[in-house]
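What follows is run-v6.cif (mmCIF, C-alpha atoms).
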```cif
data_protein
#
loop_
_atom_site.label_atom_id
_atom_site.label_comp_id
_atom_site.auth_asym_id
_atom_site.auth_seq_id
_atom_site.Cartn_x
_atom_site.Cartn_y
_atom_site.Cartn_z
CA MET E 1 2.66 -13.49 -9.03
CA ASP E 2 4.31 -16.31 -7.08
CA ARG E 3 7.03 -16.52 -9.68
CA TYR E 4 7.71 -12.78 -9.43
CA GLN E 5 7.76 -12.86 -5.66
CA HIS E 6 10.46 -15.49 -6.00
CA GLY E 7 12.51 -13.20 -8.22
CA ASP E 8 11.20 -13.87 -11.73
CA PHE E 9 10.79 -10.41 -13.29
CA ASP E 10 9.66 -11.80 -16.64
CA ALA E 11 6.65 -13.23 -14.83
CA LEU E 12 5.83 -9.75 -13.56
CA ALA E 13 5.93 -8.32 -17.07
CA GLU E 14 3.72 -11.18 -18.31
CA LEU E 15 1.25 -10.53 -15.53
CA ALA E 16 1.00 -6.82 -16.35
CA ILE E 17 0.56 -7.62 -20.05
CA THR E 18 -2.17 -10.15 -19.25
CA LEU E 19 -3.99 -7.47 -17.28
CA LEU E 20 -3.66 -4.85 -20.03
CA PRO E 21 -7.08 -5.42 -21.68
CA LYS E 22 -8.79 -5.02 -18.30
CA LEU E 23 -6.77 -1.89 -17.54
CA GLU E 24 -7.57 -0.46 -20.97
CA MET E 25 -11.28 -1.10 -20.40
CA MET E 26 -11.23 0.61 -17.01
CA ALA E 27 -9.28 3.56 -18.37
CA ARG E 28 -11.64 3.96 -21.35
CA ARG E 29 -14.64 4.03 -19.04
CA ARG E 30 -13.02 6.73 -16.97
CA PHE E 31 -11.65 9.01 -19.69
CA SER E 32 -13.44 9.74 -22.95
CA ASP E 33 -10.35 11.45 -24.29
CA GLN E 34 -8.20 8.67 -25.74
CA SER E 35 -4.89 10.30 -24.94
CA LEU E 36 -5.95 10.58 -21.29
CA ALA E 37 -7.13 6.95 -21.31
CA ILE E 38 -3.77 5.84 -22.69
CA GLU E 39 -1.94 7.87 -20.07
CA ALA E 40 -4.15 6.40 -17.36
CA THR E 41 -3.59 2.83 -18.57
CA GLN E 42 0.13 3.40 -18.28
CA GLU E 43 -0.29 4.83 -14.79
CA PHE E 44 -2.39 1.78 -13.86
CA TRP E 45 0.16 -0.85 -14.85
CA ILE E 46 2.97 1.12 -13.23
CA LYS E 47 1.02 1.05 -9.96
CA ILE E 48 0.40 -2.68 -10.33
CA ILE E 49 4.06 -3.40 -10.97
CA LYS E 50 5.17 -1.21 -8.08
CA ASN E 51 2.73 -2.86 -5.68
CA ALA E 52 3.28 -6.43 -6.84
CA LYS E 53 5.71 -7.18 -4.02
CA SER E 54 3.10 -6.41 -1.41
CA PHE E 55 0.49 -8.75 -2.90
CA LYS E 56 -0.49 -11.05 -0.06
CA HIS E 57 -2.30 -13.91 -1.81
CA ASP E 58 -5.43 -13.19 0.22
CA SER E 59 -7.40 -12.38 -2.93
CA LYS E 60 -7.32 -13.10 -6.65
CA VAL E 61 -4.72 -11.15 -8.59
CA GLN E 62 -7.39 -9.56 -10.77
CA THR E 63 -9.42 -8.44 -7.76
CA TRP E 64 -6.32 -6.94 -6.20
CA ALA E 65 -5.41 -5.25 -9.50
CA ILE E 66 -8.85 -3.68 -9.88
CA GLN E 67 -8.57 -2.18 -6.43
CA ILE E 68 -5.18 -0.72 -7.27
CA VAL E 69 -6.45 0.66 -10.57
CA ASN E 70 -9.50 2.24 -9.00
CA ASN E 71 -7.36 3.86 -6.31
CA ALA E 72 -4.92 5.04 -8.95
CA TYR E 73 -7.79 6.65 -10.86
CA LEU E 74 -9.05 8.46 -7.78
CA ASP E 75 -5.52 9.64 -7.03
CA LEU E 76 -5.13 10.82 -10.61
CA ILE E 77 -8.26 12.91 -10.55
CA ARG E 78 -7.33 14.34 -7.16
CA LYS E 79 -3.96 15.40 -8.52
CA GLU E 80 -5.77 17.01 -11.42
CA ARG E 81 -7.29 19.50 -9.03
CA ARG E 82 -4.63 22.13 -9.30
CA SER E 83 -3.19 21.33 -12.66
CA LYS E 84 -6.04 20.68 -15.04
CA ILE E 85 -9.80 20.75 -15.06
CA GLU E 86 -11.92 22.44 -12.42
CA PHE E 87 -15.54 23.37 -12.23
CA ASP E 88 -14.59 26.83 -13.30
CA GLU E 89 -13.50 25.40 -16.58
CA LEU E 90 -16.94 24.02 -17.21
CA SER E 91 -18.17 27.40 -18.25
CA ALA E 92 -15.31 27.64 -20.71
CA VAL E 93 -16.32 24.30 -22.20
CA GLU E 94 -19.97 25.27 -22.31
CA ASN E 95 -19.38 28.65 -23.83
CA ASN E 96 -17.02 27.44 -26.47
CA SER E 97 -19.00 27.61 -29.68
CA LYS E 98 -16.55 25.35 -31.46
CA PHE E 99 -17.99 22.31 -29.68
CA SER E 100 -21.08 20.62 -30.97
CA SER E 101 -23.84 20.54 -28.38
CA GLU E 102 -23.48 16.75 -27.95
CA PHE E 103 -19.75 16.91 -27.40
CA SER E 104 -20.12 19.73 -24.99
CA GLU E 105 -22.77 17.89 -22.98
CA ASP E 106 -20.69 14.69 -22.76
CA SER E 107 -17.62 16.61 -21.76
CA VAL E 108 -19.47 18.59 -19.17
CA ASN E 109 -20.97 15.44 -17.66
CA GLU E 110 -17.58 13.77 -17.52
CA ILE E 111 -15.87 16.78 -15.99
CA THR E 112 -18.72 17.25 -13.57
CA ILE E 113 -18.57 13.63 -12.38
CA ARG E 114 -14.81 13.72 -12.05
CA SER E 115 -14.85 16.96 -10.17
CA ALA E 116 -17.61 15.74 -7.85
CA LEU E 117 -15.82 12.44 -7.25
CA ARG E 118 -12.70 14.16 -6.06
CA SER E 119 -14.61 16.29 -3.63
CA ILE E 120 -16.26 13.43 -1.74
CA PRO E 121 -14.47 11.00 0.62
CA LYS E 122 -12.29 8.54 -1.23
CA ASP E 123 -13.92 5.40 0.16
CA GLN E 124 -17.30 6.58 -1.11
CA ALA E 125 -15.86 7.56 -4.47
CA ALA E 126 -14.24 4.12 -4.78
CA ALA E 127 -17.52 2.31 -4.14
CA LEU E 128 -19.40 4.57 -6.55
CA THR E 129 -16.94 4.15 -9.41
CA LEU E 130 -16.80 0.37 -9.08
CA VAL E 131 -20.55 -0.09 -8.96
CA LEU E 132 -21.85 2.75 -11.13
CA MET E 133 -19.00 3.18 -13.59
CA ASP E 134 -17.65 -0.37 -13.91
CA GLN E 135 -21.02 -2.02 -13.25
CA PHE E 136 -19.67 -4.42 -10.62
CA SER E 137 -22.33 -5.85 -8.31
CA VAL E 138 -22.30 -4.70 -4.69
CA GLU E 139 -20.92 -8.10 -3.67
CA GLU E 140 -18.15 -7.94 -6.26
CA ALA E 141 -17.27 -4.41 -5.17
CA ALA E 142 -17.20 -5.63 -1.57
CA THR E 143 -14.68 -8.31 -2.50
CA ILE E 144 -12.55 -5.82 -4.40
CA LEU E 145 -12.59 -3.30 -1.57
CA GLY E 146 -12.18 -5.94 1.12
CA VAL E 147 -15.20 -4.76 3.11
CA PRO E 148 -18.64 -6.26 3.80
CA ALA E 149 -21.39 -5.73 1.20
CA GLY E 150 -23.35 -3.68 3.73
CA THR E 151 -20.45 -1.24 3.98
CA VAL E 152 -20.36 -0.86 0.21
CA LYS E 153 -24.10 -0.18 0.15
CA SER E 154 -23.82 2.49 2.80
CA ARG E 155 -20.80 4.07 1.08
CA ILE E 156 -22.72 4.19 -2.17
CA SER E 157 -25.72 5.70 -0.47
CA ARG E 158 -23.64 8.33 1.34
CA GLY E 159 -21.62 8.89 -1.81
CA LYS E 160 -24.73 9.51 -3.89
CA ASP E 161 -26.01 11.98 -1.31
CA ALA E 162 -22.70 13.81 -1.25
CA LEU E 163 -22.49 13.73 -5.02
CA ARG E 164 -26.01 15.09 -5.34
CA VAL E 165 -25.16 18.02 -3.09
CA LYS E 166 -21.99 18.74 -5.03
CA LEU E 167 -23.76 18.51 -8.35
CA GLU E 168 -26.59 20.71 -7.25
CA GLU E 169 -24.15 23.24 -5.94
CA LYS E 170 -22.93 23.53 -9.47
CA ASN E 171 -26.39 23.62 -10.92
CA ARG E 172 -25.76 20.84 -13.34
CA LEU E 173 -28.62 18.46 -12.69
CA PRO E 174 -31.82 17.78 -14.64
CA GLY E 175 -34.46 20.29 -13.87
CA ASN E 176 -31.84 22.88 -13.18
CA GLN E 177 -29.84 22.87 -16.39
CA LYS E 178 -29.69 21.41 -19.82
CA HIS E 179 -27.08 18.74 -19.03
CA VAL E 180 -27.68 15.02 -18.35
CA MET M 1 -33.88 17.59 -6.76
CA ALA M 2 -31.98 14.72 -8.41
CA ASN M 3 -32.90 11.21 -7.43
CA ASN M 4 -30.73 8.12 -7.30
CA ASP M 5 -31.63 7.04 -10.83
CA GLU M 6 -30.47 10.32 -12.24
CA ILE M 7 -27.14 10.03 -10.46
CA GLU M 8 -26.78 6.48 -11.75
CA ASN M 9 -27.67 7.54 -15.28
CA LEU M 10 -25.11 10.27 -15.14
CA PHE M 11 -22.45 7.58 -14.57
CA ARG M 12 -23.88 5.12 -17.05
CA ASN M 13 -24.10 7.66 -19.83
CA LEU M 14 -20.52 8.76 -19.53
CA PRO M 15 -18.85 8.57 -22.92
CA LYS M 16 -16.09 5.98 -23.36
CA SER M 17 -12.83 6.57 -25.11
CA PRO M 18 -12.44 4.66 -28.41
CA GLU M 19 -10.65 1.29 -28.29
CA PHE M 20 -6.88 1.47 -28.41
CA SER M 21 -5.22 0.58 -31.68
CA GLU M 22 -3.15 -2.59 -31.99
CA LEU M 23 -0.13 -0.36 -32.37
CA GLU M 24 -0.88 1.34 -29.07
CA ARG M 25 -1.34 -2.02 -27.32
CA LYS M 26 2.01 -3.24 -28.66
CA ARG M 27 3.58 0.01 -27.49
CA GLN M 28 2.19 -0.50 -23.98
CA GLU M 29 3.51 -4.09 -23.91
CA LYS M 30 6.91 -2.88 -24.97
CA LEU M 31 6.84 -0.20 -22.31
CA ILE M 32 5.94 -2.77 -19.66
CA ARG M 33 8.82 -5.03 -20.63
CA SER M 34 11.28 -2.18 -20.64
CA TYR M 35 9.97 -0.82 -17.30
CA VAL M 36 10.28 -4.23 -15.65
CA ALA M 37 13.74 -4.76 -17.13
CA ASP M 38 14.88 -1.43 -15.65
CA MET M 39 13.38 -2.42 -12.34
CA GLU M 40 15.24 -5.73 -12.41
CA LYS M 41 18.51 -3.94 -13.14
CA GLU M 42 17.93 -1.56 -10.27
CA GLU M 43 17.14 -4.40 -7.86
CA GLY M 44 20.23 -6.23 -9.05
CA LEU M 45 22.35 -3.19 -8.35
CA LYS M 46 20.85 -2.86 -4.89
CA THR M 47 21.52 -6.47 -3.93
CA ASN M 48 25.09 -6.31 -5.21
CA SER M 49 25.93 -2.99 -3.63
CA PRO M 50 29.13 -2.82 -1.54
CA LEU M 51 27.06 -2.00 1.53
CA LYS M 52 24.94 -5.15 1.11
CA ARG M 53 28.04 -7.25 0.52
CA PHE M 54 29.64 -5.79 3.63
CA GLN M 55 26.47 -6.44 5.64
CA SER M 56 26.24 -10.07 4.60
CA GLN M 57 29.96 -10.65 5.21
CA PHE M 58 29.65 -8.97 8.58
CA SER M 59 26.67 -11.16 9.48
CA LEU M 60 28.61 -14.28 8.54
CA ALA M 61 31.61 -13.20 10.60
CA ALA M 62 29.43 -12.29 13.56
CA GLY M 63 27.63 -15.63 13.35
CA PHE M 64 30.93 -17.47 13.31
CA ILE M 65 32.21 -15.60 16.37
CA VAL M 66 29.01 -16.37 18.26
CA LEU M 67 29.32 -20.02 17.31
CA VAL M 68 32.95 -20.21 18.51
CA ALA M 69 32.11 -18.34 21.71
CA GLY M 70 29.16 -20.64 22.34
CA VAL M 71 31.25 -23.77 21.88
CA SER M 72 34.05 -22.39 24.09
CA PHE M 73 31.59 -21.45 26.79
CA ALA M 74 29.91 -24.84 26.67
CA SER M 75 33.29 -26.49 26.77
CA SER M 76 34.46 -24.42 29.76
CA GLN M 77 31.28 -25.35 31.61
CA GLY M 78 32.15 -29.00 31.20
CA ILE M 79 29.05 -29.74 29.18
CA PHE M 80 31.03 -31.78 26.66
CA ASP M 81 32.30 -33.97 29.47
CA SER M 82 28.85 -35.32 30.03
CA LYS M 83 28.70 -39.10 29.77
CA ASP M 84 25.97 -38.84 27.26
CA ASP M 85 27.67 -37.24 24.24
CA LEU M 86 24.43 -36.88 22.35
CA VAL M 87 22.79 -34.70 24.95
CA ILE M 88 24.09 -31.19 25.17
CA SER M 89 22.29 -28.27 26.68
CA MET M 90 23.27 -24.65 26.22
CA PRO M 91 23.21 -22.67 29.44
CA THR M 92 21.14 -19.53 28.95
CA PRO M 93 22.20 -17.10 31.67
CA GLU M 94 20.54 -14.16 29.95
CA GLN M 95 17.09 -15.63 30.50
CA PRO M 96 16.00 -14.83 34.05
CA GLY M 97 14.45 -17.82 35.73
CA SER M 98 15.43 -20.20 33.00
CA GLY M 99 18.81 -21.21 34.44
CA SER M 100 17.52 -24.14 36.41
CA GLU M 101 15.62 -25.44 33.41
CA ALA M 102 18.76 -25.34 31.36
CA THR M 103 20.66 -27.31 33.98
CA GLU M 104 17.88 -29.82 34.19
CA GLY M 105 18.06 -30.16 30.43
CA VAL M 106 21.46 -31.87 30.62
CA GLY M 107 21.02 -35.55 30.29
CA GLN M 108 17.42 -35.38 29.15
CA GLU M 109 16.71 -36.90 25.79
CA ASN M 110 14.09 -34.64 24.38
CA SER M 111 14.01 -32.87 21.06
CA GLU M 112 14.87 -29.49 22.51
CA THR M 113 18.01 -30.53 24.33
CA SER M 114 19.48 -33.12 22.02
CA GLN M 115 20.66 -30.63 19.44
CA THR M 116 24.25 -29.90 18.61
CA PRO M 117 25.42 -26.53 19.88
CA LYS M 118 24.67 -23.65 17.59
CA PRO M 119 24.47 -19.90 17.98
CA LYS M 120 21.47 -18.90 19.96
CA LYS M 121 18.84 -17.19 17.84
CA PRO M 122 18.10 -13.63 18.88
CA ASP M 123 15.44 -13.80 21.53
CA ASN M 124 12.53 -11.58 20.55
CA LYS M 125 11.19 -11.28 24.05
CA ASN M 126 12.45 -8.90 26.70
CA PRO M 127 12.42 -9.95 30.35
CA GLU M 128 8.80 -8.84 30.72
CA GLY M 129 7.84 -10.97 27.77
CA VAL M 130 7.06 -8.00 25.55
CA GLU M 131 7.84 -8.63 21.91
CA GLU M 132 10.48 -6.55 20.29
CA PHE M 133 11.90 -6.46 16.79
CA GLU M 134 15.48 -7.60 16.57
CA SER M 135 18.29 -5.64 18.04
CA GLY M 136 17.17 -2.42 16.38
CA ALA M 137 13.96 -2.19 18.40
CA THR M 138 13.47 1.17 20.04
CA ASN M 139 12.44 1.92 23.58
CA GLN M 140 9.43 3.91 24.75
CA SER M 141 11.11 7.30 24.94
CA ASP M 142 12.49 6.82 21.45
CA ILE M 143 9.10 5.85 20.14
CA ASP M 144 7.47 9.06 21.35
CA LYS M 145 9.93 10.97 19.18
CA PHE M 146 8.67 9.14 16.13
CA ILE M 147 5.00 9.90 16.65
CA ASN M 148 4.81 13.23 14.88
CA ASN M 149 2.04 15.77 14.61
CA THR M 150 2.87 18.04 11.68
CA GLY M 151 -0.75 18.63 10.68
CA LEU M 152 0.49 18.99 7.09
CA ASP M 153 -1.62 18.01 4.10
CA TYR M 154 -0.11 15.02 2.35
CA LEU M 155 -1.86 15.88 -0.89
CA SER M 156 -0.12 19.21 -1.23
CA ASP M 157 2.75 19.32 1.28
CA ILE M 158 4.22 15.87 0.92
CA GLN M 159 7.80 17.08 0.48
CA LYS M 160 7.58 19.38 3.47
CA ALA M 161 6.10 16.59 5.55
CA LYS M 162 8.89 14.23 4.56
CA GLN M 163 11.44 16.81 5.67
CA LEU M 164 9.79 17.53 9.00
CA VAL M 165 8.71 14.10 10.13
CA LYS M 166 11.15 12.29 12.38
CA ILE M 167 11.40 8.63 11.59
CA SER M 168 13.47 5.91 13.17
CA SER M 169 16.33 4.20 11.38
CA SER M 170 15.17 0.87 12.80
CA PRO M 171 11.70 -0.69 13.10
CA LEU M 172 9.58 0.55 15.98
CA SER M 173 8.31 -1.91 18.54
CA ILE M 174 4.60 -2.22 17.88
CA SER M 175 3.87 -3.23 21.47
CA GLU M 176 5.16 0.15 22.67
CA LEU M 177 2.82 2.12 20.42
CA PRO M 178 -0.69 3.22 21.30
CA GLN M 179 -2.89 0.20 20.64
CA ALA M 180 -4.83 1.75 17.75
CA TYR M 181 -1.62 2.62 15.88
CA GLY M 182 -0.15 -0.83 16.41
CA LYS M 183 -3.34 -2.50 15.28
CA CYS M 184 -3.49 -0.36 12.16
CA ALA M 185 0.16 -1.06 11.35
CA ILE M 186 -0.62 -4.77 11.55
CA GLU M 187 -3.66 -4.33 9.30
CA LEU M 188 -1.49 -2.50 6.79
CA GLY M 189 1.06 -5.32 6.97
CA ILE M 190 3.87 -2.95 7.89
CA ASN M 191 4.26 -3.80 11.58
CA LYS M 192 7.73 -5.23 11.06
CA GLU M 193 9.02 -2.19 9.18
CA LEU M 194 7.23 0.72 10.79
CA LEU M 195 9.58 3.69 11.17
CA GLY M 196 7.30 6.51 12.29
CA ILE M 197 3.82 7.99 12.36
CA ASP M 198 2.58 11.46 11.60
CA LYS M 199 -0.79 13.04 12.32
CA GLY M 200 -1.69 15.16 9.34
CA LYS M 201 -4.29 15.87 6.70
CA TYR M 202 -5.12 14.48 3.30
CA ASP M 203 -7.22 16.70 1.12
CA GLY M 204 -8.45 18.40 4.29
CA THR M 205 -9.35 15.14 6.07
CA SER M 206 -7.53 14.20 9.28
CA VAL M 207 -5.29 11.26 8.59
CA LEU M 208 -2.39 9.27 9.95
CA ALA M 209 0.70 8.78 7.83
CA PHE M 210 2.54 5.55 8.55
CA TYR M 211 6.16 5.71 7.42
CA TYR M 212 7.65 2.30 6.78
CA GLY M 213 10.42 0.55 4.92
CA SER M 214 13.85 -0.93 5.31
CA SER M 215 15.60 2.39 5.77
CA LYS M 216 14.93 6.08 6.29
CA ASN M 217 15.88 6.95 2.74
CA THR M 218 13.62 4.44 1.08
CA ALA M 219 10.65 4.79 3.42
CA SER M 220 7.17 4.62 1.90
CA ILE M 221 4.05 6.12 3.40
CA TRP M 222 0.57 4.74 3.95
CA ILE M 223 -2.06 7.43 4.41
CA VAL M 224 -5.03 6.17 6.43
CA GLU M 225 -8.18 7.73 7.70
CA LYS M 226 -9.45 6.82 11.16
CA PRO M 227 -9.88 4.13 12.33
CA CYS M 228 -7.64 2.50 9.70
CA VAL M 229 -9.15 3.15 6.28
CA LYS M 230 -6.52 3.05 3.56
CA LEU M 231 -6.48 6.22 1.48
CA GLU M 232 -3.25 6.21 -0.41
CA LYS M 233 0.18 4.68 -0.55
CA LEU M 234 2.86 7.23 -1.36
#
```
Using C-alpha cells, write down the structure that the file contains.
Amino acid sequence: MDRYQHGDFDALAELAITLLPKLEMMARRRFSDQSLAIEATQEFWIKIIKNAKSFKHDSKVQTWAIQIVNNAYLDLIRKERRSKIEFDELSAVENNSKFSSEFSEDSVNEITIRSALRSIPKDQAAALTLVLMDQFSVEEAATILGVPAGTVKSRISRGKDALRVKLEEKNRLPGNQKHV
Amino acid sequence: MANNDEIENLFRNLPKSPEFSELERKRQEKLIRSYVADMEKEEGLKTNSPLKRFQSQFSLAAGFIVLVAGVSFASSQGIFDSKDDLVISMPTPEQPGSGSEATEGVGQENSETSQTPKPKKPDNKNPEGVEEFESGATNQSDIDKFINNTGLDYLSDIQKAKQLVKISSSPLSISELPQAYGKCAIELGINKELLGIDKGKYDGTSVLAFYYGSSKNTASIWIVEKPCVKLEKL
C-alpha cells in the first residue's frame, strides 16, 4: 500500500490480486449463484482499488479491505432493490415447480436474508453480516468496523430484533412456514 | 416467534456459491492488471494536462516574484546593511502586533532569525487567530451558501442532488462551520477538501452528504448518518 501511495501502480495491482482469495470467499458466502459471486468479487476489488488512496495506515490492509467489501456488499444489495429481487419475487420462486424443494428453500432463505438486510439500518446489517455470515468474532468485527466491541454487540442485538420483525412480516420463519 | 438461534442458523445455513475455477481466477487477475493500468494512464494524463503544467509554472513564477520582492523590500529597509551579515530578519507588517518582535529580531542569533531571506509561507491564521485554508478559504457568508438542505434521497436521486447542491470551488474553512459538521469532516478525513454539505436522505434515513475533493467537477460524496456514522462513499 505504501508503494502505491508513492506512485507504484503495479504494487496496487499486486495488492488486489493478493486479496482476491479473501474477496472470492466473502462473495461466495454472500451469493450462492456463482455468476453473482463473480460479479460481486469484481465489484469488491474495484472498490478496494478506488479507495486505496484514502487508506490511512491506522489499521491492517486486510481489515480495511474487509470493511470496504462488506460495505460494497450492502450497497450492492440496496441497489438491487429496484432492479432485481424483491420479496414479491419470493412467491414466484416458491411457486415455480421447476425448482427442487431443496433449491427453492435455499434460494428463498438467501433472498429473504438479503431483502431483510437491506431494510434494516446499514450499521446493524454490517455487524450482522460480519459476525453471522463471515463468522468473525465480535472483537474482530469491532476492529473491522472501527467501533468498540460493545457497540458491535448492541448493533447485532438491534439488528437481530429488526431482522426478526422483517422476517415475521413476511411469514418466513420456523413455526410459520416451511422454510429454514 | 423466532429466537436468536434461529436467526443465526438462517445465516449459517445460507448456501455458498461453488469455488471459482482457475480460469476465472486468472481472468480476474488479468482484469485487475488492466484496470490498474488504465487508472495509471488516466492519472498520468491528469498530471500532464496543460492546466496542471500552467498551474505549476504559474506557482514557480509567483514564488520567484515574491522572493525578488522580499529581497528588494529587505534591501530598501536597510536590513542587509546590518553589521552582522548572518542575521537577517524579515519585517512582517501584515502581522498585527508582531512588528516590534520583528525589529527586535535583528541582531539576535537564534534559529528563527538567522535564516536567509525567503518568500514568506502563506500564513494560515487570520488576525483573530482562526485557522483558514490557504488563499481559497471562504468567509462565513459564503459558507452558509454551501450548507444545503435539498432533502433528496441519495440512494435514488443522486444525480438530481448533484445538480441542485451548491458547492464551493475552494475548500471551506472548517472553523466557520457548525461544530458538529466540522468535527465530522475531520473524522472523515476530508476537512482540508470539504466543498459543501447537504442535508438529505439515504434510503429514507436522514443523512448529511459531505461533498469534497480538489475541484467541483471531481467532487466525491460521503453520506453519513447522525452523529457521524459513515454510510456510503459515492
Which residues come within 9 Å of segment 61-76 of chain E, counting all atoms listed in the file, excluding same-chain residues fewer than 6 positions away, as JSON, numbers by chain?
{"E": [1, 19, 22, 23, 26, 27, 30, 40, 41, 43, 44, 45, 47, 48, 51, 55, 114, 117, 118, 122, 125, 126, 129, 130, 140, 143, 144, 145], "M": [231, 232]}
As an exercise, work out the distance from atom CA of Ile17 of chain E to atom CA of Ile32 of chain M in Å and give it to one decimal place.
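Interatomic distance here is 7.3 Å.
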For chain E, which residues have at least one atom within 8 Å of chain M, if we go by only C-alpha atoms? Write them as a count of residues only, please.
37
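Between atom CA of Ile46 of chain E and atom CA of Ala209 of chain M there is a distance of 22.5 Å.
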At what distance in Å, to one decimal, does atom CA of Gly159 of chain E lie from atom CA of Ser137 of chain E?
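Separation of atom CA of Ser137 of chain E and atom CA of Gly159 of chain E: 16.1 Å.
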Find the residues with any atom within 7 Å of (-16.8, 17.4, -1.3); use only C-alpha atoms and the coordinates as given in the file, and write the answer as JSON, numbers by chain.
{"E": [116, 119, 120, 162, 166]}
